[in-house]
>>> print(open('input.cif').read())   # mmCIF, C-alpha atoms
data_upload
loop_
_atom_site.label_atom_id
_atom_site.label_comp_id
_atom_site.auth_asym_id
_atom_site.auth_seq_id
_atom_site.Cartn_x
_atom_site.Cartn_y
_atom_site.Cartn_z
CA MET A 1 120.13 141.03 97.27
CA ASP A 2 119.40 144.47 98.59
CA ALA A 3 115.85 145.11 99.72
CA ARG A 4 114.36 148.46 100.63
CA ASN A 5 112.18 148.46 103.69
CA PRO A 6 111.40 151.95 104.97
CA ALA A 7 108.75 150.64 107.35
CA ALA A 8 108.76 152.24 110.76
CA ALA A 9 107.62 150.53 113.93
CA ALA A 10 104.02 151.14 114.88
CA ALA A 11 103.42 153.50 117.76
CA PRO A 12 102.05 151.98 121.00
CA PHE A 13 98.37 152.36 121.64
CA ALA A 14 95.65 151.36 124.06
CA GLY A 15 92.16 150.19 123.16
CA ASP A 16 88.96 149.59 125.10
CA SER A 17 87.63 146.22 126.15
CA PRO A 18 84.17 145.07 124.98
CA GLY A 19 81.38 146.74 126.85
CA THR A 20 83.56 149.38 128.48
CA ALA A 21 81.82 152.74 128.38
CA ALA A 22 84.19 155.47 127.26
CA PRO A 23 82.13 158.08 125.41
CA ALA A 24 84.81 160.72 125.96
CA GLN A 25 87.37 158.70 123.98
CA PRO A 26 85.82 157.80 120.60
CA ALA A 27 89.26 157.93 119.00
CA ALA A 28 90.09 154.65 120.73
CA TRP A 29 88.36 152.91 117.82
CA ASN A 30 89.71 154.95 114.91
CA ARG A 31 92.96 156.55 115.94
CA ALA A 32 94.68 158.53 113.19
CA PRO A 33 98.16 156.96 113.08
CA GLY A 34 101.22 158.62 111.66
CA THR A 35 101.69 156.45 108.59
CA PRO A 36 104.68 156.61 106.24
CA TYR A 37 102.44 156.56 103.15
CA SER A 38 99.58 158.96 102.51
CA ALA A 39 96.05 157.64 102.16
CA GLU A 40 95.80 159.09 98.66
CA ALA A 41 99.03 157.47 97.48
CA PHE A 42 98.04 154.14 99.07
CA ALA A 43 94.61 154.16 97.40
CA ALA A 44 96.07 155.13 94.03
CA ALA A 45 98.69 152.37 94.12
CA ALA A 46 96.16 149.73 95.22
CA SER A 47 93.69 150.79 92.53
CA SER A 48 96.40 150.62 89.88
CA ILE A 49 97.38 147.09 90.89
CA LEU A 50 93.78 145.84 90.95
CA ALA A 51 92.95 147.54 87.65
CA ALA A 52 95.91 145.87 85.96
CA VAL A 53 95.01 142.45 87.38
CA ASN A 54 91.35 142.78 86.42
CA THR A 55 92.25 143.49 82.80
CA VAL A 56 93.65 139.96 82.59
CA ILE A 57 91.49 137.95 85.01
CA ASP A 58 87.85 138.25 83.96
CA GLY A 59 85.16 138.22 86.64
CA LYS A 60 87.44 137.50 89.61
CA LYS A 61 87.66 140.87 91.38
CA GLU A 62 87.21 139.31 94.82
CA ALA A 63 90.06 136.85 94.25
CA ALA A 64 92.31 139.66 92.99
CA SER A 65 91.47 141.78 96.02
CA LEU A 66 92.24 138.91 98.40
CA VAL A 67 95.62 138.28 96.78
CA LEU A 68 96.51 141.97 97.12
CA THR A 69 95.34 141.86 100.74
CA VAL A 70 97.72 139.00 101.46
CA LEU A 71 100.59 140.78 99.71
CA LEU A 72 100.12 143.92 101.81
CA ALA A 73 99.77 141.82 104.97
CA GLN A 74 103.14 140.20 104.17
CA GLY A 75 101.67 136.73 103.91
CA HIS A 76 101.58 133.91 101.40
CA VAL A 77 98.60 132.75 99.39
CA LEU A 78 97.46 129.34 98.18
CA LEU A 79 95.31 129.32 95.04
CA GLU A 80 93.39 126.05 95.05
CA ASP A 81 91.02 124.88 92.34
CA VAL A 82 90.67 122.58 89.37
CA PRO A 83 93.02 123.08 86.41
CA GLY A 84 92.26 125.74 83.83
CA VAL A 85 90.48 128.41 85.89
CA GLY A 86 93.33 130.94 85.90
CA LYS A 87 95.28 130.22 89.08
CA THR A 88 98.73 130.55 87.53
CA LEU A 89 97.60 133.45 85.37
CA LEU A 90 96.46 135.37 88.45
CA ALA A 91 99.82 134.77 90.14
CA LYS A 92 101.78 135.85 87.05
CA THR A 93 99.62 138.94 86.58
CA LEU A 94 100.15 140.12 90.15
CA ALA A 95 103.90 139.60 89.77
CA ARG A 96 103.88 141.56 86.51
CA THR A 97 102.29 144.62 88.18
CA ILE A 98 105.24 145.02 90.58
CA ASP A 99 108.71 146.03 89.47
CA CYS A 100 110.54 143.38 91.48
CA SER A 101 112.31 140.06 91.13
CA VAL A 102 109.99 137.18 90.21
CA THR A 103 110.72 133.47 89.86
CA ARG A 104 108.56 130.50 89.02
CA ILE A 105 109.00 126.95 90.29
CA GLN A 106 107.17 124.13 88.55
CA PHE A 107 106.70 121.54 91.27
CA THR A 108 107.05 117.95 90.08
CA PRO A 109 107.51 114.62 91.90
CA ASP A 110 111.26 114.57 91.09
CA LEU A 111 111.94 118.12 92.32
CA LEU A 112 114.57 118.22 95.09
CA PRO A 113 114.75 120.62 98.05
CA SER A 114 118.03 122.02 96.70
CA ASP A 115 116.22 122.87 93.45
CA VAL A 116 114.18 125.33 95.53
CA THR A 117 116.60 126.74 98.10
CA GLY A 118 119.93 126.46 96.30
CA VAL A 119 123.06 124.37 96.64
CA SER A 120 126.69 124.72 97.69
CA ILE A 121 129.14 124.17 94.82
CA TYR A 122 132.87 123.67 95.23
CA ASN A 123 134.95 126.42 93.61
CA GLN A 124 138.23 124.84 92.56
CA ASP A 125 139.94 128.19 92.02
CA ALA A 126 139.06 129.51 95.48
CA HIS A 127 139.28 126.05 97.12
CA ARG A 128 136.01 126.52 98.97
CA PHE A 129 132.31 125.83 98.67
CA GLU A 130 130.13 128.69 97.42
CA PHE A 131 126.39 128.91 97.80
CA ARG A 132 124.37 129.28 94.61
CA GLN A 133 120.98 130.77 95.29
CA GLY A 134 117.88 128.88 94.23
CA PRO A 135 114.66 130.33 92.78
CA ILE A 136 113.30 130.99 96.27
CA PHE A 137 115.53 134.11 96.38
CA ALA A 138 113.06 136.54 94.80
CA ASN A 139 110.44 139.02 95.90
CA ILE A 140 107.56 137.00 94.47
CA VAL A 141 107.89 133.24 94.05
CA ILE A 142 105.23 131.46 92.01
CA GLY A 143 104.98 127.82 93.04
CA ASP A 144 102.98 126.10 90.34
CA GLU A 145 101.12 122.93 91.36
CA ILE A 146 102.84 122.79 94.71
CA ASN A 147 101.07 119.59 95.75
CA ARG A 148 102.70 117.63 92.91
CA ALA A 149 106.01 117.67 94.78
CA SER A 150 106.91 115.24 97.54
CA ALA A 151 106.61 116.15 101.21
CA LYS A 152 110.41 116.38 101.42
CA THR A 153 110.50 119.11 98.78
CA GLN A 154 107.49 120.91 100.23
CA SER A 155 109.26 121.03 103.58
CA ALA A 156 112.01 123.13 101.97
CA LEU A 157 109.53 126.01 101.99
CA LEU A 158 108.74 125.89 105.72
CA GLU A 159 111.69 127.96 106.93
CA CYS A 160 111.48 130.27 103.91
CA MET A 161 107.83 131.14 104.42
CA GLU A 162 107.91 131.56 108.19
CA GLU A 163 111.36 132.98 108.97
CA ARG A 164 112.12 134.45 105.53
CA GLN A 165 115.53 132.87 105.45
CA VAL A 166 117.26 129.77 104.06
CA THR A 167 119.68 127.55 105.97
CA VAL A 168 121.98 125.41 103.80
CA ASP A 169 125.11 123.57 104.98
CA GLY A 170 125.19 125.52 108.23
CA GLY A 171 124.89 128.93 106.57
CA THR A 172 121.84 131.16 106.91
CA TYR A 173 120.83 133.49 104.07
CA ARG A 174 118.15 136.17 104.34
CA LEU A 175 115.48 136.40 101.66
CA ALA A 176 114.45 139.57 99.88
CA GLU A 177 111.86 141.99 101.24
CA PRO A 178 109.07 142.02 100.37
CA PHE A 179 108.80 138.25 99.99
CA MET A 180 105.66 136.38 98.98
CA VAL A 181 104.94 132.84 97.86
CA VAL A 182 101.96 132.49 95.52
CA ALA A 183 101.32 128.77 95.20
CA THR A 184 98.74 126.99 93.07
CA GLN A 185 97.29 123.64 93.97
CA ASN A 186 95.01 121.13 92.34
CA PRO A 187 92.50 119.35 94.59
CA ILE A 188 94.05 116.37 96.34
CA GLU A 189 91.56 114.04 94.64
CA MET A 190 93.40 114.65 91.35
CA GLU A 191 95.78 111.87 90.29
CA GLY A 192 99.46 112.36 91.05
CA THR A 193 99.15 114.91 93.85
CA TYR A 194 100.20 114.91 97.49
CA PRO A 195 98.18 116.59 100.26
CA LEU A 196 99.97 119.49 101.92
CA PRO A 197 100.96 118.71 105.54
CA GLU A 198 99.35 120.73 108.31
CA ALA A 199 102.54 122.72 108.98
CA GLN A 200 102.70 123.74 105.32
CA ARG A 201 99.04 124.80 105.12
CA ASP A 202 99.40 126.80 108.33
CA ARG A 203 102.08 128.95 106.71
CA PHE A 204 99.75 130.14 103.97
CA MET A 205 97.90 133.20 105.17
CA ALA A 206 94.92 132.55 102.91
CA ARG A 207 93.54 129.94 100.58
CA ILE A 208 91.57 131.21 97.61
CA SER A 209 89.36 129.19 95.30
CA MET A 210 89.02 130.74 91.88
CA GLY A 211 85.87 128.99 90.73
CA TYR A 212 84.45 129.10 87.22
CA PRO A 213 83.70 132.53 85.72
CA ASP A 214 80.13 133.62 85.09
CA THR A 215 78.68 133.44 81.59
CA ARG A 216 79.39 137.05 80.66
CA SER A 217 82.97 136.96 81.92
CA GLU A 218 83.64 133.70 80.10
CA ILE A 219 82.33 135.14 76.84
CA GLU A 220 84.57 138.19 77.29
CA MET A 221 87.49 135.86 77.91
CA LEU A 222 86.80 133.97 74.68
CA GLU A 223 86.77 137.26 72.79
CA SER A 224 89.88 138.83 74.33
CA HIS A 225 92.20 135.80 74.77
CA GLN A 226 92.08 134.35 71.24
CA SER A 227 94.79 136.21 69.31
CA THR A 228 96.98 137.55 72.14
CA SER A 229 97.21 137.22 75.89
CA PRO A 230 96.16 140.30 77.91
CA LEU A 231 99.12 139.52 80.17
CA ASP A 232 101.47 140.79 77.47
CA ALA A 233 100.03 144.29 77.86
CA VAL A 234 100.48 144.40 81.64
CA SER A 235 103.39 146.45 82.94
CA ALA A 236 104.63 147.31 86.42
CA VAL A 237 102.60 150.00 88.19
CA VAL A 238 104.50 149.99 91.52
CA ASP A 239 108.01 149.10 92.60
CA VAL A 240 109.51 147.38 95.63
CA GLY A 241 109.86 150.64 97.56
CA GLU A 242 106.19 151.50 97.06
CA VAL A 243 105.09 148.04 98.16
CA ALA A 244 107.25 148.37 101.28
CA ALA A 245 105.66 151.75 102.04
CA MET A 246 102.17 150.29 101.56
CA THR A 247 102.90 147.40 103.92
CA ALA A 248 104.26 149.89 106.45
CA ARG A 249 100.96 151.75 106.35
CA VAL A 250 99.09 148.47 106.81
CA ARG A 251 101.20 147.59 109.86
CA ASP A 252 100.33 150.93 111.42
CA THR A 253 96.58 150.31 111.09
CA PHE A 254 95.00 150.54 114.52
CA VAL A 255 93.44 147.49 116.18
CA SER A 256 91.43 147.98 119.35
CA ALA A 257 91.54 145.59 122.30
CA ALA A 258 87.94 144.56 121.58
CA VAL A 259 88.77 143.46 118.04
CA LYS A 260 91.74 141.47 119.33
CA GLU A 261 89.51 139.76 121.89
CA TYR A 262 86.97 139.02 119.15
CA THR A 263 89.72 137.41 117.06
CA VAL A 264 90.89 135.26 119.97
CA ALA A 265 87.30 134.25 120.76
CA ILE A 266 86.88 132.93 117.21
CA GLY A 267 90.11 130.97 117.48
CA GLN A 268 89.17 129.46 120.84
CA ALA A 269 85.76 128.48 119.47
CA THR A 270 87.41 126.50 116.67
CA ARG A 271 89.61 124.67 119.17
CA GLU A 272 86.64 123.78 121.38
CA HIS A 273 84.23 122.77 118.61
CA PRO A 274 83.29 119.08 119.02
CA HIS A 275 83.46 118.39 115.27
CA LEU A 276 86.93 119.86 114.76
CA ARG A 277 90.01 117.74 115.42
CA LEU A 278 92.35 120.69 114.81
CA GLY A 279 91.36 124.31 115.31
CA ALA A 280 93.05 127.61 114.50
CA SER A 281 96.62 127.99 115.72
CA PRO A 282 98.02 131.16 117.31
CA ARG A 283 99.84 131.78 114.02
CA ALA A 284 96.50 131.59 112.23
CA LEU A 285 94.99 134.28 114.48
CA LEU A 286 98.03 136.50 114.03
CA GLN A 287 97.74 136.19 110.27
CA LEU A 288 93.99 136.81 110.43
CA LEU A 289 94.63 140.08 112.26
CA ARG A 290 97.33 141.11 109.78
CA ALA A 291 95.03 140.38 106.86
CA ALA A 292 92.24 142.36 108.52
CA LYS A 293 94.55 145.36 108.83
CA ALA A 294 95.31 145.17 105.11
CA HIS A 295 91.60 144.78 104.32
CA ALA A 296 90.80 147.85 106.39
CA ALA A 297 93.52 149.88 104.69
CA LEU A 298 92.24 148.89 101.25
CA ALA A 299 88.78 150.01 102.36
CA GLY A 300 90.18 153.47 103.18
CA ARG A 301 90.21 153.10 106.97
CA ASP A 302 93.06 153.38 109.45
CA PHE A 303 91.37 151.10 111.98
CA VAL A 304 90.06 147.53 111.95
CA LEU A 305 86.41 146.61 112.40
CA PRO A 306 85.06 143.21 113.46
CA ASP A 307 83.61 142.95 109.96
CA ASP A 308 87.16 142.83 108.59
CA ILE A 309 87.81 139.81 110.81
CA SER A 310 84.61 137.96 109.91
CA HIS A 311 84.99 138.74 106.19
CA LEU A 312 88.44 137.14 106.07
CA ALA A 313 87.83 134.32 108.53
CA ASP A 314 86.97 131.76 105.85
CA PRO A 315 89.91 132.31 103.46
CA VAL A 316 92.37 132.63 106.35
CA LEU A 317 91.15 129.92 108.74
CA ALA A 318 89.16 127.30 106.81
CA HIS A 319 92.12 125.54 105.18
CA ARG A 320 93.75 125.06 108.59
CA LEU A 321 90.78 123.34 110.24
CA ILE A 322 90.64 119.54 110.29
CA LEU A 323 87.30 117.80 110.82
CA ASP A 324 86.87 114.71 112.92
CA ARG A 325 85.78 111.49 111.25
CA LYS A 326 82.12 111.87 112.20
CA ALA A 327 81.88 115.36 110.69
CA THR A 328 83.66 114.22 107.54
CA THR A 329 81.32 111.29 106.94
CA SER A 330 78.25 113.46 107.61
CA GLY A 331 79.22 115.89 104.85
CA GLU A 332 80.32 118.81 107.02
CA THR A 333 82.89 121.26 105.68
CA PRO A 334 85.36 123.52 107.48
CA SER A 335 83.72 126.57 105.88
CA GLY A 336 80.29 125.49 107.08
CA LEU A 337 81.47 124.95 110.65
CA LEU A 338 83.34 128.25 110.60
CA ALA A 339 80.20 130.08 109.47
CA HIS A 340 78.33 128.48 112.38
CA ILE A 341 81.07 129.58 114.80
CA LEU A 342 80.98 133.17 113.51
CA SER A 343 77.22 133.29 114.04
CA ARG A 344 77.66 132.33 117.69
CA VAL A 345 80.65 134.45 118.72
CA PRO A 346 79.37 137.83 120.02
CA VAL A 347 80.39 140.85 117.97
CA PRO A 348 82.03 143.54 120.14
CA ARG A 349 80.40 146.89 120.62
CA SER A 350 81.80 150.38 120.33
CA PRO A 351 82.17 152.66 123.37
CA ALA A 352 78.80 154.20 122.42
CA GLY A 353 77.15 150.78 122.73
CA GLU A 354 76.31 149.99 119.10
CA ARG A 355 77.61 146.93 117.32
CA LEU A 356 80.67 147.68 115.27
CA ARG A 357 79.65 147.42 111.64
CA ARG A 358 80.60 149.31 108.51
#
>>> encode(input="input.cif", output="structure tokens")
Amino acid sequence: MDARNPAAAAAPFAGDSPGTAAPAQPAAWNRAPGTPYSAEAFAAAASSILAAVNTVIDGKKEAASLVLTVLLAQGHVLLEDVPGVGKTLLAKTLARTIDCSVTRIQFTPDLLPSDVTGVSIYNQDAHRFEFRQGPIFANIVIGDEINRASAKTQSALLECMEERQVTVDGGTYRLAEPFMVVATQNPIEMEGTYPLPEAQRDRFMARISMGYPDTRSEIEMLESHQSTSPLDAVSAVVDVGEVAAMTARVRDTFVSAAVKEYTVAIGQATREHPHLRLGASPRALLQLLRAAKAHAALAGRDFVLPDDISHLADPVLAHRLILDRKATTSGETPSGLLAHILSRVPVPRSPAGERLRR
């Protein structure tokens, strides 16, 4: 499968450390990079995608924005909530807005790894085995109820999500670009589900909980979803090339040394917290920074602020944190501990001395 990827490598840069006085170099915080996609075109494409999604998903603008953030950051997203709140519909709507290849995998207990990645079949005419691609070979892969499959089948996604390739019978096959897994998951307390292993959760850039809609949005849903589905009216607003150009612009978003140090400080605080058995991994911090760059680009900036990091810390880090037994029995939650950590980690300051806020 051919995939267009016009992204160019980001230019090298140098940022200031926290507290370093450099009033003569204010551009160290908001350098104007040479991006391959104009700010106007980027904003128009992002607005078109969000507008299309919001016509189908009532009252969930934040969830839609987070899913788009993960897409532009080249990550994968886990939609976790109780059945019936629109998880699969959100995934299908996002896929419908992009003119690309889309597949859907319904995860069940009897699903095999080869049902996901593909299988080698013997060709009697050619007298050799030929690889038949599985549904993972698509730009957007919707994994419905991923935690209903066994750990063996879930492990088939590990290489795909991290290295964007599939290895079968000694042969390695590259996946399409862009590539994104949008998985839905029911809470593990539901009957017939399997908890995702730590390695699997760590490969999802963000976990998003849909939640129930507010009263007004639910009434609008009852009025608009009775005769026809709004999803039928959704058409593609961008193509693969435009998505690749948007992700290239996101990659070129500037991150100062202070913001990087702030990100690392948050990660180290999770690893040292006495109530956390497992803190944020280096992969988690890398994905947090990538998501922050996408969040900044969607906000119309070409540089990352500490607020971008703190805003995304919960959806990006909370699902990776594991509490110790004492914290679990006392009713603590990863989100609650993460909020406490964010309140204690010092926010870096700009060269002028003020705290970096929007």
>>> atom_distance(input="input.cif", atom1="atom CA of Gln74 of chain A", atom2="atom CA of Leu276 of chain A")
28.1 Å
>>> closest_residue(input="input.cif", among="A:Met161, A:Met210, A:Asp232, A:Val82", to="Thr97 of chain A", atoms="only C-alpha atoms")
A:Asp232
>>> atom_distance(input="input.cif", atom1="atom CA of Pro197 of chain A", atom2="atom CA of Val316 of chain A")
16.4 Å
>>> residues_around(input="input.cif", residues="Arg148 of chain A", least_positions_apart="4", cutoff="8 Å", atoms="only C-alpha atoms", output="ChimeraX atom specification")
/A:107-109,192-194
>>> closest_residue(input="input.cif", among="A:Arg344, A:Arg290, A:Thr270, A:Thr172", to="Leu321 of chain A", atoms="all atoms listed in the file")
A:Thr270
>>> residues_around(input="input.cif", residues="Ser281 of chain A", least_positions_apart="5", cutoff="10 Å", atoms="all atoms listed in the file", output="mmCIF file with C-alpha atoms, in the coordinates of the input")
data_model
loop_
_atom_site.group_PDB
_atom_site.id
_atom_site.type_symbol
_atom_site.label_atom_id
_atom_site.label_comp_id
_atom_site.auth_asym_id
_atom_site.auth_seq_id
_atom_site.Cartn_x
_atom_site.Cartn_y
_atom_site.Cartn_z
ATOM 1 C CA ASP A 202 99.400 126.800 108.330
ATOM 2 C CA GLY A 267 90.110 130.970 117.480
ATOM 3 C CA GLN A 268 89.170 129.460 120.840
ATOM 4 C CA THR A 270 87.410 126.500 116.670
ATOM 5 C CA ARG A 271 89.610 124.670 119.170
ATOM 6 C CA LEU A 286 98.030 136.500 114.030
ATOM 7 C CA GLN A 287 97.740 136.190 110.270
ATOM 8 C CA LEU A 317 91.150 129.920 108.740
ATOM 9 C CA ARG A 320 93.750 125.060 108.590
ATOM 10 C CA LEU A 321 90.780 123.340 110.240
#
>>> closest_residue(input="input.cif", among="A:Gly300, A:Asp125, A:Ala199, A:Leu112", to="Glu159 of chain A", atoms="all atoms listed in the file")
A:Ala199
>>> resolve_selection(input="input.cif", expression="the PyMOL selection byres ((chain A and resi 154) around 10)", output="count of residues only")
21
>>> residues_around(input="input.cif", residues="segment 129-141 of chain A", least_positions_apart="5", cutoff="7 Å", atoms="only C-alpha atoms", output="PDB file with C-alpha atoms, in the frame of the given file")
ATOM      1  CA  ALA A  95     103.900 139.600  89.770  1.00  0.00           C
ATOM      2  CA  CYS A 100     110.540 143.380  91.480  1.00  0.00           C
ATOM      3  CA  SER A 101     112.310 140.060  91.130  1.00  0.00           C
ATOM      4  CA  VAL A 102     109.990 137.180  90.210  1.00  0.00           C
ATOM      5  CA  THR A 103     110.720 133.470  89.860  1.00  0.00           C
ATOM      6  CA  ARG A 104     108.560 130.500  89.020  1.00  0.00           C
ATOM      7  CA  ASP A 115     116.220 122.870  93.450  1.00  0.00           C
ATOM      8  CA  VAL A 116     114.180 125.330  95.530  1.00  0.00           C
ATOM      9  CA  THR A 117     116.600 126.740  98.100  1.00  0.00           C
ATOM     10  CA  GLY A 118     119.930 126.460  96.300  1.00  0.00           C
ATOM     11  CA  VAL A 119     123.060 124.370  96.640  1.00  0.00           C
ATOM     12  CA  SER A 120     126.690 124.720  97.690  1.00  0.00           C
ATOM     13  CA  ILE A 121     129.140 124.170  94.820  1.00  0.00           C
ATOM     14  CA  TYR A 122     132.870 123.670  95.230  1.00  0.00           C
ATOM     15  CA  ASN A 123     134.950 126.420  93.610  1.00  0.00           C
ATOM     16  CA  LEU A 175     115.480 136.400 101.660  1.00  0.00           C
ATOM     17  CA  ALA A 176     114.450 139.570  99.880  1.00  0.00           C
ATOM     18  CA  GLU A 177     111.860 141.990 101.240  1.00  0.00           C
ATOM     19  CA  PRO A 178     109.070 142.020 100.370  1.00  0.00           C
ATOM     20  CA  PHE A 179     108.800 138.250  99.990  1.00  0.00           C
ATOM     21  CA  MET A 180     105.660 136.380  98.980  1.00  0.00           C
ATOM     22  CA  VAL A 181     104.940 132.840  97.860  1.00  0.00           C
ATOM     23  CA  VAL A 182     101.960 132.490  95.520  1.00  0.00           C
TER      24      VAL A 182
END
>>> atom_distance(input="input.cif", atom1="atom CA of Val259 of chain A", atom2="atom CA of Thr333 of chain A")
26.1 Å
>>> resolve_selection(input="input.cif", expression="the PyMOL selection byres ((chain A and resi 240) around 10)", output="PDB file with C-alpha atoms, in the coordinates of the input")
ATOM      1  CA  ALA A   3     115.850 145.110  99.720  1.00  0.00           C
ATOM      2  CA  ARG A   4     114.360 148.460 100.630  1.00  0.00           C
ATOM      3  CA  ASN A   5     112.180 148.460 103.690  1.00  0.00           C
ATOM      4  CA  ILE A  98     105.240 145.020  90.580  1.00  0.00           C
ATOM      5  CA  ASP A  99     108.710 146.030  89.470  1.00  0.00           C
ATOM      6  CA  CYS A 100     110.540 143.380  91.480  1.00  0.00           C
ATOM      7  CA  SER A 101     112.310 140.060  91.130  1.00  0.00           C
ATOM      8  CA  ASN A 139     110.440 139.020  95.900  1.00  0.00           C
ATOM      9  CA  GLU A 177     111.860 141.990 101.240  1.00  0.00           C
ATOM     10  CA  PRO A 178     109.070 142.020 100.370  1.00  0.00           C
ATOM     11  CA  VAL A 238     104.500 149.990  91.520  1.00  0.00           C
ATOM     12  CA  ASP A 239     108.010 149.100  92.600  1.00  0.00           C
ATOM     13  CA  GLY A 241     109.860 150.640  97.560  1.00  0.00           C
ATOM     14  CA  GLU A 242     106.190 151.500  97.060  1.00  0.00           C
ATOM     15  CA  VAL A 243     105.090 148.040  98.160  1.00  0.00           C
ATOM     16  CA  ALA A 244     107.250 148.370 101.280  1.00  0.00           C
ATOM     17  CA  ALA A 245     105.660 151.750 102.040  1.00  0.00           C
ATOM     18  CA  MET A 246     102.170 150.290 101.560  1.00  0.00           C
TER      19      MET A 246
END
>>> closest_residue(input="input.cif", among="A:Ala73, A:Leu305, A:Leu285, A:Ala269", to="Arg349 of chain A", atoms="only C-alpha atoms")
A:Leu305
>>> residues_around(input="input.cif", residues="Lys60 of chain A", least_positions_apart="4", cutoff="10 Å", atoms="all atoms listed in the file", output="VMD selection string")
chain A and resid 53 to 54 56 64 to 65 86 90 210 to 214 217
>>> closest_residue(input="input.cif", among="A:Gly59, A:Gly171, A:Pro230, A:His319", to="Arg96 of chain A", atoms="only C-alpha atoms")
A:Pro230
>>> resolve_selection(input="input.cif", expression="the PyMOL selection byres ((chain A and resi 184) around 6)", output="list in words")
Leu78, Leu79, Glu80, Asp144, Glu145, Ala183 and Gln185 of chain A
>>> decode(input="input.cif", residues="segment 198-210 of chain A", atoms="C-alpha atoms", output="compact mmCIF listing (two decimals), in the first residue's frame")
# COMPACT_ATOMS: atom_id res chain seq x y z
CA GLU A 198 0.63 -2.73 30.95
CA ALA A 199 2.59 -2.98 27.68
CA GLN A 200 -0.63 -2.62 25.69
CA ARG A 201 -1.91 0.38 27.68
CA ASP A 202 1.47 2.08 27.35
CA ARG A 203 1.15 2.04 23.57
CA PHE A 204 -2.04 4.09 23.63
CA MET A 205 -1.14 7.76 23.59
CA ALA A 206 -4.33 8.78 25.37
CA ARG A 207 -7.32 7.28 27.10
CA ILE A 208 -10.58 9.17 26.77
CA SER A 209 -13.74 8.62 28.77
CA MET A 210 -16.84 9.72 26.92
